[in-house]
Amino acid sequence: MVPSLSSSAPVLPGRTLPLRALPVLALAATLLATAPSLADPRDTMQPPLPPPPLPAATAPAGTARDTVLRPMPAHAQGLRLAGETDHREWPVYLTEHQVRAALAFDLALTSAVSVMPEGSRVTVRLNDHVVGMRPIEAFGRQQRLSFEVPPDVLRPGLNAVRISVRQRHRVACDVGATYELWSDIDPARTGLRLTDTGSGLSSLADLAALAPDTRGAVPLRAIVGDLRDTRALDRLVTGLSRIARDAGFSHSVVELRDAPTGGPGLELIAGTPEDLATLGAPATPEPGSLMLVENAAHGGATLIVSGRDGAELDRLIGRLGTDGLAIAPRTGTPAGLRARDSLARPALSAGDRLTLADLGHRSVEFNGRLHRTRFDLRLPADFYPAETGSVDLHLAGGYAPGLLPTSQVVVRVNGKVAAGLPLNDPDGEVFTDRTIRLSLAAFRPGRNRVEIAAQLDTARDSDCDTLAAIDAPPRFLLLDATEIRIPSFPRLLALPALDASFAGGLARLGGGALTLRVPHANADVLSAAATLAVRLNADADRALPVRLRFGRPSAEDGDTGAALVVGAFADLPPTTLASVGLAPDRLRTAWRAPAGPDTGRDLARGTDPVLRRVTTLQTLNDSDPITTASVPQAGAAGTRAVADPVTDPEGGADGTRDELLRRWEDSLRGDGPVTRIMTRIEDGVAGLWRDGDPAPTTLASGTSLVMAQAHAEGLRGGLRTVITAPTTAALAISMQDLVAPARWRAVGGGETRYDMLAGLVETTPAAATRFVVSDPTSLANWRLVAAGWFSHNPLAYVALILCTAALLAFATRHALAGNARERT
């Protein structure tokens with residue numbers, strides 16, 4: 001019985017059973033494929049279950065393996081454990097059925113050849129319980145480890161999985177050698193091993209238990225009959241965004257399908273009973289209710305939303321995540337809840353205080369040479385980076401006596417040195433509140449990576465006894481009571497900026513909704529737009545409705561504040577590309593002669609990242625496989641030959657003695673202090689009027705996606721963002737790659753390029769030309785905004801001071817003259 005919305009019972013009913021209809025021939029083939037001589041020795045075959053009462057067509061037939069690996073979700077810090085100490089921690093939601101089915105934790109590592117096995121180890125903890133510690137021996141090959149899960153360690157709800165390493169160098173003892181130490185976690189072979197694929201879903205909160213794929217991404221599928229039905233598209237993508245956000249999926253990829261597949265991940269179907277029957281839904285609940293159908297054969301589920309009309313469907317989707325249809329997990333172990341909070345913290349505000357313990361770190365004693373602690377701080381979209389204050393880092397810890405004067409603590413923000421602290425007391429020191437100030441100008445809207453690196457040099461390092469260093473006494477202590485304090489900062493949305501826009505700026509300009517424009521109804525393009533919408537919702541402060549529209553953005557169509565355009569290069573007008581600074585000729589040169597949009601689409605959608613890249617790159621262009629279109633060809637249209645400078649192979653100089661002397665005198669004279677000061681003044685004055693955007697960067701041959709942002713005419717608000725790729729297939733796959741947490745954090749500036757071949761993200765900064773004050777009624781914010789603006793425009797500040805001094809001098813002279821006349 002499916003309860004309705006008006007009933008007092010929970011809206012979500014119990015799950016339906018998976019389908020196991022299996023023909024005799026398929027069973028024989030499965031038995032052959034899983035014979036003991038070929039299968040994993042831990043695997044044994046179970047007899048097939050009898051088919052449930054639902055039609056066999058609602059879920060693919062198949063027999064689940066006796067054991068199945070549940071991979072770890074994607075991590076924002078990536079899967080490389082670098083340096084002498086490092087760790088990764090995941091919050092993992094498990095149902096009661098999965099807890100009972102947990103057998104072991106599998107780990108696959110590949111380490112650098114410089115890692116010394118005698119002094120290096122990896123430790124796995126489940127809910128703060130050490131389940132195993134092994135030496136690291138995987139150099140040049142993959143090391144596969146399995147740790148048995150003890151009884152009663154895992155609990156229904158959120159659990160914490162933590163992998164930490166201690167790594168020592170084989171032969172070197174200097175600080176630079178510590179950067180050669182790394183161990184890569186293989187996401188396809190790392191995770192919890194369960195006895196079967198069933199999840200045991202019983203409520204919407206259990207959707208968090210859906211297993212990610214080998215990339216760490218949870219597949220989401222929207223089932224829609226007509227791709228041109230924008231109302232249905234909005235409903236489905238909004239629903240998937242709410243589910244992914246509340247369930248805590250760190251990486252979600254969306255595909256639009258015309259029929260359910262019953263595969264892994266989550267499928268969302270919404271419609272009237274007649275629509276559900278036409279779409280092939282595995283069940284048809286009563287109108288006004290929802291039903292969750294589990295496909296245990298593949299570890300997936302289907303959420304079916306039934307309504308009498310579109311308005312009722314919209315109300316049901318709008319209730320997802322509310323008290324009546326709560327999705328966010330609220331139960332779990334203390335360690336699991338702490339791990340969830342450390343990774344999914346809301347944006348910081350003025351006056352917030354966080355400790356390293358809040359960010360998932362522990363107190364540590366360290367006896368190596370370079371200790372690095374990394375964490376993320378998320379700032380709101382309207383954070384304006386400026387020299388208006390500092391984030392105070394209050395260190396608690398100490399260091400041992402005997403360190404060399406070169407020892408120090410260096411703090412980096414987003415990869416750049418922000419501050420330092422010398423460790424120069426020869427007798428050592430213990431401190432509980434040593435303050436390091438990090439300028440607000442070093443941060444940016446969205447996520448910021450902060451690294452505390454302690455460089456610890458001793459005289460014993462010159463002897464380089466690697467074995468003795470393993471059990472050496474601690475050199476450094478870092479307590480988890482170390483605190484980060486956030487000051488008041490200016491709230492000003494500075495545009496164009498992709499990082500600020502994607503951290504919530506687009507929704508602010510769009511009136512609290514996300515509007516995405518696509519050229520036409522294409523499954524790949526719509527899938528890319530839906531994947532982006534889910535990612536933007538995950539980073540927003542609250543759930544946002546999504547609107548998908550076709551055609552060009554315009555103020556007449558309601559595109560107020562901002563416009564976001566997603567499409568393949570061939571489908572976008574040159575004027576749209578040029579409006580955000582993307583020269584069509586520049587893109588055409590890099591993506592010359594693109595292949596058809598459907599080439600290799602099915603293979604590229606596979607979960608194997610290597611296969612997807614190889615197949616999708618075949619669709620980028622049909623140029624010669626060795627010489628790509630980005631390399632100028634002799635006689636090619638649109639290119640020109642550039643003569644290489646001719647130099648003497650022996651390093652000889654060109655010119656006579658007098659010419660050489662004159663050249664060197666000019667160069668030295670040009671480097672004088674007066675000349676340098678005048679040059680800076682000239683550049684600063686010119687920068688008040690000229691465009692500060694850098695010249696366009698040549699696209700690399702492997703570039704598979706470009707996003708750019710600029711102010712465009714014809715739109716109220718004037719901001720336009722364009723995301724394009726050489727083909728629709730490349731657009732869909734590149735977007736799936738780019739929204740992974742480790743890559744998404746790199747998106748920013750006025751232009752971002754993604755190279756699928758190398759897996760690299762490159763950005764080009766843009767000078768902010770328009771500002772939106774978030775809190776215009778606050779005088780304190782206006783003061784901070786003014787101070788921040790003057791910190792970026794020092795010449796304007798100097799001019800204001802000079803004008804103020806001149807007015808004061810004039811007023812003083814006038815007052816003195818008046819007093820003199822009165823005396824006479």
# chains A, B, ... in the order shown; residues from 1 in each chain; ligands from 1

call {"tool": "select_by_dssp", "arguments": {"residues": "stretch 292-412 of chain A", "states": "helix (DSSP H, G or I)", "output": "number ranges by chain"}}
result
A: 310-319, 323-325, 334-343

call {"tool": "residues_around", "arguments": {"residues": "stretch 343-346 of chain A", "least_positions_apart": "6", "cutoff": "9 Å", "atoms": "only C-alpha atoms", "output": "ChimeraX atom specification"}}
result
/A:76,90-91,248,250,359-360,376-380,539-541

call {"tool": "closest_atom_pairs", "arguments": {"of": "stretch 315-373 of chain A", "to": "stretch 460-471 of chain A", "cutoff": "10 Å", "atoms": "only C-alpha atoms", "output": "Markdown table"}}
result
| residue | atom | partner | partner_atom | distance |
| --- | --- | --- | --- | --- |
| A:Asn367 | CA | A:Ala469 | CA | 7.8 |
| A:Gly368 | CA | A:Ala469 | CA | 7.7 |
| A:Arg369 | CA | A:Asp461 | CA | 8.7 |

call {"tool": "atom_distance", "arguments": {"atom1": "atom CA of A:Ala102", "atom2": "atom CA of A:Gly336"}}
result
16.3 Å

call {"tool": "atom_distance", "arguments": {"atom1": "atom CA of A:Ser111", "atom2": "atom CA of A:Arg189"}}
result
15.0 Å

call {"tool": "select_by_dssp", "arguments": {"residues": "stretch 117-246 of chain A", "states": "strand (DSSP E or B)", "output": "tab-separated table (two decimals) with all heavy atoms, in the first residue's frame"}}
result
chain	number	residue	atom	x	y	z
A	121	ARG	N	54.46	2.89	6.39
A	121	ARG	CA	53.31	2.04	6.68
A	121	ARG	C	52.02	2.77	6.35
A	121	ARG	O	51.98	4.00	6.28
A	121	ARG	CB	53.30	1.61	8.15
A	121	ARG	CG	53.11	2.75	9.14
A	121	ARG	CD	52.92	2.23	10.56
A	121	ARG	NE	52.65	3.31	11.50
A	121	ARG	CZ	53.56	3.83	12.30
A	121	ARG	NH1	54.80	3.40	12.25
A	121	ARG	NH2	53.23	4.81	13.14
A	122	VAL	N	50.98	1.98	6.14
A	122	VAL	CA	49.64	2.50	5.88
A	122	VAL	C	48.72	1.94	6.96
A	122	VAL	O	48.82	0.78	7.35
A	122	VAL	CB	49.15	2.11	4.47
A	122	VAL	CG1	49.16	0.61	4.26
A	122	VAL	CG2	47.76	2.67	4.22
A	123	THR	N	47.84	2.80	7.47
A	123	THR	CA	46.93	2.43	8.54
A	123	THR	C	45.50	2.71	8.10
A	123	THR	O	45.22	3.77	7.52
A	123	THR	CB	47.23	3.21	9.83
A	123	THR	OG1	48.60	3.01	10.19
A	123	THR	CG2	46.34	2.76	10.97
A	124	VAL	N	44.61	1.77	8.36
A	124	VAL	CA	43.20	1.91	8.03
A	124	VAL	C	42.41	1.92	9.33
A	124	VAL	O	42.56	1.01	10.17
A	124	VAL	CB	42.71	0.78	7.10
A	124	VAL	CG1	41.20	0.88	6.89
A	124	VAL	CG2	43.44	0.84	5.78
A	125	ARG	N	41.57	2.94	9.48
A	125	ARG	CA	40.70	3.06	10.66
A	125	ARG	C	39.25	3.13	10.20
A	125	ARG	O	38.92	3.84	9.26
A	125	ARG	CB	41.04	4.31	11.47
A	125	ARG	CG	42.37	4.28	12.20
A	125	ARG	CD	42.59	5.57	12.97
A	125	ARG	NE	43.79	5.53	13.80
A	125	ARG	CZ	45.01	5.84	13.39
A	125	ARG	NH1	45.19	6.21	12.12
A	125	ARG	NH2	46.04	5.77	14.20
A	126	LEU	N	38.40	2.42	10.91
A	126	LEU	CA	36.96	2.50	10.72
A	126	LEU	C	36.34	2.99	12.02
A	126	LEU	O	36.46	2.32	13.06
A	126	LEU	CB	36.38	1.13	10.34
A	126	LEU	CG	36.92	0.48	9.07
A	126	LEU	CD1	36.25	-0.87	8.84
A	126	LEU	CD2	36.72	1.38	7.86
A	129	HIS	N	38.60	3.09	14.93
A	129	HIS	CA	39.11	1.78	15.35
A	129	HIS	C	40.12	1.30	14.31
A	129	HIS	O	39.79	1.20	13.13
A	129	HIS	CB	37.96	0.78	15.49
A	129	HIS	CG	38.41	-0.60	15.90
A	129	HIS	ND1	38.55	-0.97	17.22
A	129	HIS	CD2	38.76	-1.69	15.18
A	129	HIS	CE1	38.95	-2.21	17.29
A	129	HIS	NE2	39.09	-2.68	16.06
A	130	VAL	N	41.35	1.04	14.73
A	130	VAL	CA	42.38	0.58	13.80
A	130	VAL	C	42.07	-0.87	13.40
A	130	VAL	O	42.06	-1.77	14.24
A	130	VAL	CB	43.77	0.67	14.44
A	130	VAL	CG1	44.82	0.11	13.49
A	130	VAL	CG2	44.10	2.11	14.81
A	131	VAL	N	41.79	-1.06	12.12
A	131	VAL	CA	41.50	-2.42	11.63
A	131	VAL	C	42.72	-3.05	10.98
A	131	VAL	O	42.70	-4.25	10.66
A	131	VAL	CB	40.33	-2.40	10.63
A	131	VAL	CG1	39.07	-1.90	11.30
A	131	VAL	CG2	40.66	-1.54	9.42
A	132	GLY	N	43.78	-2.28	10.76
A	132	GLY	CA	44.98	-2.88	10.20
A	132	GLY	C	46.06	-1.86	9.95
A	132	GLY	O	45.79	-0.67	9.73
A	133	MET	N	47.31	-2.33	10.01
A	133	MET	CA	48.48	-1.50	9.73
A	133	MET	C	49.48	-2.38	8.98
A	133	MET	O	49.86	-3.44	9.47
A	133	MET	CB	49.08	-0.97	11.03
A	133	MET	CG	50.26	-0.04	10.83
A	133	MET	SD	51.00	0.45	12.43
A	133	MET	CE	49.62	1.23	13.23
A	134	ARG	N	49.88	-1.95	7.79
A	134	ARG	CA	50.76	-2.76	6.96
A	134	ARG	C	51.91	-1.91	6.42
A	134	ARG	O	51.76	-0.69	6.23
A	134	ARG	CB	49.99	-3.33	5.76
A	134	ARG	CG	48.75	-4.11	6.14
A	134	ARG	CD	49.06	-5.50	6.65
A	134	ARG	NE	47.85	-6.20	7.03
A	134	ARG	CZ	47.04	-6.81	6.18
A	134	ARG	NH1	47.33	-6.82	4.89
A	134	ARG	NH2	45.95	-7.42	6.61
A	135	PRO	N	53.07	-2.51	6.16
A	135	PRO	CA	54.16	-1.77	5.51
A	135	PRO	C	53.80	-1.47	4.06
A	135	PRO	O	53.08	-2.23	3.39
A	135	PRO	CB	55.35	-2.74	5.62
A	135	PRO	CG	54.74	-4.08	5.78
A	135	PRO	CD	53.47	-3.89	6.52
A	139	PHE	N	56.13	-0.24	-4.79
A	139	PHE	CA	56.89	0.71	-5.60
A	139	PHE	C	57.07	0.10	-6.98
A	139	PHE	O	57.66	-0.96	-7.14
A	139	PHE	CB	58.24	1.04	-4.96
A	139	PHE	CG	58.90	-0.12	-4.29
A	139	PHE	CD1	59.74	-0.96	-5.00
A	139	PHE	CD2	58.67	-0.39	-2.96
A	139	PHE	CE1	60.37	-2.03	-4.38
A	139	PHE	CE2	59.28	-1.46	-2.35
A	139	PHE	CZ	60.12	-2.28	-3.05
A	142	GLN	N	51.40	-2.37	-8.08
A	142	GLN	CA	50.29	-2.10	-7.18
A	142	GLN	C	50.27	-3.10	-6.03
A	142	GLN	O	50.42	-4.31	-6.23
A	142	GLN	CB	48.96	-2.16	-7.94
A	142	GLN	CG	47.79	-1.65	-7.13
A	142	GLN	CD	46.51	-1.55	-7.95
A	142	GLN	OE1	45.75	-2.49	-8.02
A	142	GLN	NE2	46.30	-0.39	-8.56
A	143	GLN	N	50.09	-2.57	-4.84
A	143	GLN	CA	50.00	-3.39	-3.64
A	143	GLN	C	48.53	-3.47	-3.23
A	143	GLN	O	47.89	-2.45	-2.96
A	143	GLN	CB	50.83	-2.79	-2.51
A	143	GLN	CG	50.80	-3.59	-1.22
A	143	GLN	CD	51.62	-2.94	-0.12
A	143	GLN	OE1	52.02	-1.78	-0.26
A	143	GLN	NE2	51.89	-3.65	0.94
A	144	ARG	N	47.98	-4.67	-3.17
A	144	ARG	CA	46.58	-4.85	-2.83
A	144	ARG	C	46.49	-5.48	-1.44
A	144	ARG	O	47.03	-6.55	-1.18
A	144	ARG	CB	45.88	-5.72	-3.87
A	144	ARG	CG	45.93	-5.12	-5.27
A	144	ARG	CD	45.10	-5.90	-6.26
A	144	ARG	NE	43.69	-5.87	-5.94
A	144	ARG	CZ	42.73	-6.42	-6.70
A	144	ARG	NH1	43.07	-7.06	-7.82
A	144	ARG	NH2	41.47	-6.37	-6.35
A	145	LEU	N	45.81	-4.78	-0.55
A	145	LEU	CA	45.68	-5.19	0.84
A	145	LEU	C	44.21	-5.40	1.17
A	145	LEU	O	43.33	-4.75	0.59
A	145	LEU	CB	46.28	-4.14	1.78
A	145	LEU	CG	47.74	-3.74	1.51
A	145	LEU	CD1	48.11	-2.53	2.37
A	145	LEU	CD2	48.67	-4.90	1.79
A	146	SER	N	43.96	-6.26	2.12
A	146	SER	CA	42.60	-6.51	2.59
A	146	SER	C	42.61	-6.55	4.11
A	146	SER	O	43.44	-7.25	4.72
A	146	SER	CB	42.05	-7.81	2.02
A	146	SER	OG	40.70	-7.99	2.41
A	147	PHE	N	41.71	-5.77	4.74
A	147	PHE	CA	41.63	-5.69	6.19
A	147	PHE	C	40.24	-6.19	6.63
A	147	PHE	O	39.22	-5.65	6.18
A	147	PHE	CB	41.83	-4.25	6.67
A	147	PHE	CG	43.11	-3.63	6.21
A	147	PHE	CD1	43.19	-2.97	4.99
A	147	PHE	CD2	44.25	-3.69	6.99
A	147	PHE	CE1	44.37	-2.40	4.56
A	147	PHE	CE2	45.44	-3.11	6.57
A	147	PHE	CZ	45.50	-2.47	5.35
A	148	GLU	N	40.22	-7.16	7.46
A	148	GLU	CA	38.94	-7.71	7.93
A	148	GLU	C	38.22	-6.69	8.81
A	148	GLU	O	38.83	-6.01	9.63
A	148	GLU	CB	39.19	-9.00	8.71
A	148	GLU	CG	37.91	-9.68	9.18
A	148	GLU	CD	38.20	-10.95	9.95
A	148	GLU	OE1	39.38	-11.35	10.01
A	148	GLU	OE2	37.25	-11.53	10.51
A	157	GLY	N	23.97	4.03	9.37
A	157	GLY	CA	24.11	5.48	9.33
A	157	GLY	C	25.49	5.87	8.83
A	157	GLY	O	26.13	5.13	8.07
A	158	LEU	N	25.98	7.01	9.25
A	158	LEU	CA	27.26	7.52	8.79
A	158	LEU	C	28.41	6.88	9.57
A	158	LEU	O	28.38	6.80	10.79
A	158	LEU	CB	27.32	9.04	8.95
A	158	LEU	CG	26.51	9.85	7.94
A	158	LEU	CD1	26.38	11.30	8.38
A	158	LEU	CD2	27.14	9.78	6.55
A	159	ASN	N	29.42	6.43	8.83
A	159	ASN	CA	30.63	5.85	9.40
A	159	ASN	C	31.84	6.58	8.82
A	159	ASN	O	31.77	7.14	7.72
A	159	ASN	CB	30.74	4.36	9.09
A	159	ASN	CG	29.59	3.56	9.68
A	159	ASN	OD1	29.71	3.02	10.77
A	159	ASN	ND2	28.48	3.47	8.97
A	160	ALA	N	32.93	6.58	9.55
A	160	ALA	CA	34.17	7.24	9.11
A	160	ALA	C	35.18	6.20	8.66
A	160	ALA	O	35.47	5.25	9.40
A	160	ALA	CB	34.75	8.10	10.23
A	161	VAL	N	35.70	6.37	7.46
A	161	VAL	CA	36.77	5.53	6.91
A	161	VAL	C	37.99	6.43	6.74
A	161	VAL	O	37.92	7.44	6.03
A	161	VAL	CB	36.36	4.89	5.58
A	161	VAL	CG1	37.52	4.09	5.01
A	161	VAL	CG2	35.14	4.01	5.75
A	162	ARG	N	39.08	6.05	7.37
A	162	ARG	CA	40.28	6.90	7.36
A	162	ARG	C	41.49	6.06	6.94
A	162	ARG	O	41.74	4.99	7.51
A	162	ARG	CB	40.52	7.50	8.74
A	162	ARG	CG	41.65	8.52	8.82
A	162	ARG	CD	41.83	8.98	10.26
A	162	ARG	NE	42.83	10.01	10.41
A	162	ARG	CZ	42.56	11.32	10.46
A	162	ARG	NH1	41.33	11.73	10.36
A	162	ARG	NH2	43.52	12.21	10.62
A	163	ILE	N	42.22	6.55	5.94
A	163	ILE	CA	43.46	5.93	5.47
A	163	ILE	C	44.59	6.92	5.72
A	163	ILE	O	44.54	8.05	5.23
A	163	ILE	CB	43.39	5.56	3.98
A	163	ILE	CG1	42.24	4.60	3.70
A	163	ILE	CG2	44.71	4.95	3.51
A	163	ILE	CD1	42.04	4.31	2.23
A	164	SER	N	45.59	6.51	6.47
A	164	SER	CA	46.73	7.39	6.76
A	164	SER	C	48.02	6.66	6.45
A	164	SER	O	48.08	5.42	6.52
A	164	SER	CB	46.71	7.85	8.23
A	164	SER	OG	46.69	6.73	9.09
A	165	VAL	N	49.04	7.43	6.08
A	165	VAL	CA	50.34	6.84	5.74
A	165	VAL	C	51.44	7.58	6.47
A	165	VAL	O	51.32	8.78	6.77
A	165	VAL	CB	50.61	6.90	4.22
A	165	VAL	CG1	49.63	6.02	3.45
A	165	VAL	CG2	50.59	8.33	3.70
A	166	ARG	N	52.50	6.84	6.76
A	166	ARG	CA	53.78	7.41	7.17
A	166	ARG	C	54.81	6.89	6.19
A	166	ARG	O	54.95	5.68	6.01
A	166	ARG	CB	54.15	6.99	8.59
A	166	ARG	CG	55.40	7.71	9.09
A	166	ARG	CD	55.88	7.17	10.41
A	166	ARG	NE	56.53	5.87	10.27
A	166	ARG	CZ	57.14	5.24	11.29
A	166	ARG	NH1	57.15	5.78	12.49
A	166	ARG	NH2	57.71	4.06	11.10
A	169	HIS	N	61.97	8.20	3.12
A	169	HIS	CA	62.76	8.08	1.90
A	169	HIS	C	63.83	7.00	2.06
A	169	HIS	O	64.38	6.81	3.14
A	169	HIS	CB	63.41	9.43	1.58
A	169	HIS	CG	63.76	9.61	0.14
A	169	HIS	ND1	64.84	8.99	-0.46
A	169	HIS	CD2	63.16	10.33	-0.84
A	169	HIS	CE1	64.89	9.34	-1.72
A	169	HIS	NE2	63.88	10.15	-1.99
A	182	TRP	N	55.19	9.60	-2.30
A	182	TRP	CA	53.75	9.61	-2.58
A	182	TRP	C	53.25	8.17	-2.74
A	182	TRP	O	54.01	7.25	-3.06
A	182	TRP	CB	53.42	10.42	-3.83
A	182	TRP	CG	54.19	10.02	-5.07
A	182	TRP	CD1	55.31	10.61	-5.56
A	182	TRP	CD2	53.89	8.93	-5.97
A	182	TRP	NE1	55.74	9.97	-6.70
A	182	TRP	CE2	54.87	8.93	-6.99
A	182	TRP	CE3	52.88	7.97	-6.02
A	182	TRP	CZ2	54.88	8.00	-8.02
A	182	TRP	CZ3	52.88	7.04	-7.06
A	182	TRP	CH2	53.87	7.07	-8.04
A	183	SER	N	51.97	8.02	-2.47
A	183	SER	CA	51.27	6.75	-2.68
A	183	SER	C	49.89	7.08	-3.24
A	183	SER	O	49.15	7.87	-2.63
A	183	SER	CB	51.13	5.96	-1.38
A	183	SER	OG	52.39	5.52	-0.91
A	184	ASP	N	49.57	6.49	-4.38
A	184	ASP	CA	48.29	6.74	-5.03
A	184	ASP	C	47.30	5.64	-4.68
A	184	ASP	O	47.60	4.45	-4.80
A	184	ASP	CB	48.46	6.81	-6.55
A	184	ASP	CG	49.10	8.11	-7.00
A	184	ASP	OD1	49.05	9.08	-6.22
A	184	ASP	OD2	49.64	8.16	-8.12
A	185	ILE	N	46.10	6.05	-4.29
A	185	ILE	CA	45.02	5.11	-4.02
A	185	ILE	C	44.27	4.84	-5.32
A	185	ILE	O	43.89	5.77	-6.03
A	185	ILE	CB	44.06	5.68	-2.97
A	185	ILE	CG1	44.79	5.95	-1.64
A	185	ILE	CG2	42.88	4.75	-2.73
A	185	ILE	CD1	43.95	6.65	-0.60
A	191	GLY	N	37.82	0.08	-1.26
A	191	GLY	CA	36.49	0.26	-0.69
A	191	GLY	C	36.11	-0.90	0.20
A	191	GLY	O	36.88	-1.81	0.46
A	192	LEU	N	34.87	-0.85	0.68
A	192	LEU	CA	34.33	-1.90	1.53
A	192	LEU	C	33.87	-3.06	0.67
A	192	LEU	O	33.18	-2.87	-0.34
A	192	LEU	CB	33.16	-1.36	2.35
A	192	LEU	CG	33.50	-0.47	3.54
A	192	LEU	CD1	32.25	0.21	4.07
A	192	LEU	CD2	34.18	-1.27	4.64
A	193	ARG	N	34.24	-4.27	1.06
A	193	ARG	CA	33.78	-5.46	0.35
A	193	ARG	C	32.59	-6.03	1.10
A	193	ARG	O	32.67	-6.36	2.28
A	193	ARG	CB	34.91	-6.49	0.24
A	193	ARG	CG	34.50	-7.71	-0.58
A	193	ARG	CD	35.70	-8.47	-1.09
A	193	ARG	NE	36.45	-7.71	-2.07
A	193	ARG	CZ	36.11	-7.60	-3.36
A	193	ARG	NH1	35.02	-8.18	-3.80
A	193	ARG	NH2	36.86	-6.90	-4.18
A	194	LEU	N	31.47	-6.13	0.38
A	194	LEU	CA	30.21	-6.60	0.95
A	194	LEU	C	29.86	-7.95	0.35
A	194	LEU	O	30.37	-8.35	-0.71
A	194	LEU	CB	29.09	-5.59	0.68
A	194	LEU	CG	29.41	-4.12	1.02
A	194	LEU	CD1	28.25	-3.24	0.61
A	194	LEU	CD2	29.71	-3.96	2.50
A	218	VAL	N	28.46	9.17	-8.16
A	218	VAL	CA	27.17	8.48	-8.09
A	218	VAL	C	26.41	8.79	-9.38
A	218	VAL	O	26.10	9.96	-9.65
A	218	VAL	CB	26.37	8.94	-6.86
A	218	VAL	CG1	25.01	8.26	-6.83
A	218	VAL	CG2	27.14	8.64	-5.58
A	219	PRO	N	26.08	7.78	-10.19
A	219	PRO	CA	25.32	8.04	-11.42
A	219	PRO	C	23.87	8.40	-11.10
A	219	PRO	O	23.20	7.72	-10.32
A	219	PRO	CB	25.41	6.71	-12.19
A	219	PRO	CG	26.49	5.91	-11.51
A	219	PRO	CD	26.50	6.37	-10.08
A	220	LEU	N	23.41	9.47	-11.70
A	220	LEU	CA	22.01	9.90	-11.59
A	220	LEU	C	21.41	9.94	-12.98
A	220	LEU	O	22.03	10.46	-13.91
A	220	LEU	CB	21.92	11.28	-10.93
A	220	LEU	CG	22.59	11.45	-9.55
A	220	LEU	CD1	22.48	12.89	-9.10
A	220	LEU	CD2	21.96	10.52	-8.53
A	221	ARG	N	20.21	9.40	-13.12
A	221	ARG	CA	19.57	9.36	-14.43
A	221	ARG	C	18.16	9.94	-14.31
A	221	ARG	O	17.39	9.53	-13.43
A	221	ARG	CB	19.51	7.93	-14.98
A	221	ARG	CG	20.87	7.37	-15.34
A	221	ARG	CD	20.78	5.94	-15.84
A	221	ARG	NE	20.32	5.03	-14.81
A	221	ARG	CZ	21.09	4.52	-13.86
A	221	ARG	NH1	22.38	4.86	-13.80
A	221	ARG	NH2	20.60	3.70	-12.95
A	222	ALA	N	17.86	10.87	-15.21
A	222	ALA	CA	16.52	11.44	-15.30
A	222	ALA	C	15.81	10.80	-16.48
A	222	ALA	O	16.31	10.85	-17.61
A	222	ALA	CB	16.59	12.95	-15.47
A	223	ILE	N	14.67	10.19	-16.24
A	223	ILE	CA	13.92	9.50	-17.29
A	223	ILE	C	12.84	10.45	-17.80
A	223	ILE	O	11.93	10.83	-17.06
A	223	ILE	CB	13.28	8.21	-16.76
A	223	ILE	CG1	14.33	7.37	-16.01
A	223	ILE	CG2	12.67	7.42	-17.89
A	223	ILE	CD1	15.54	7.01	-16.84

call {"tool": "closest_residue", "arguments": {"among": "A:Ala533, A:Leu354, A:Ala500, A:Leu201", "to": "A:Ala513", "atoms": "only C-alpha atoms"}}
result
A:Ala533

call {"tool": "atom_distance", "arguments": {"atom1": "atom CA of A:Ala82", "atom2": "atom CA of A:Leu498"}}
result
28.9 Å

call {"tool": "closest_residue", "arguments": {"among": "A:Ser778, A:Ser579, A:Asn414, A:Thr190", "to": "A:Ala108", "atoms": "only C-alpha atoms"}}
result
A:Thr190

call {"tool": "residues_around", "arguments": {"residues": "A:Ala442", "least_positions_apart": "4", "cutoff": "12 Å", "atoms": "only C-alpha atoms", "output": "list in words"}}
result
Phe383, Tyr384, Pro385, Ala386, Glu387, Thr388, Gly389, Ser390, Val391, Val411, Arg412, Val413, Asn414, Gly415, Lys416, Val417, Ala418, Ala419, Arg437, Leu438, Asn448, Arg449 and Val450 of chain A
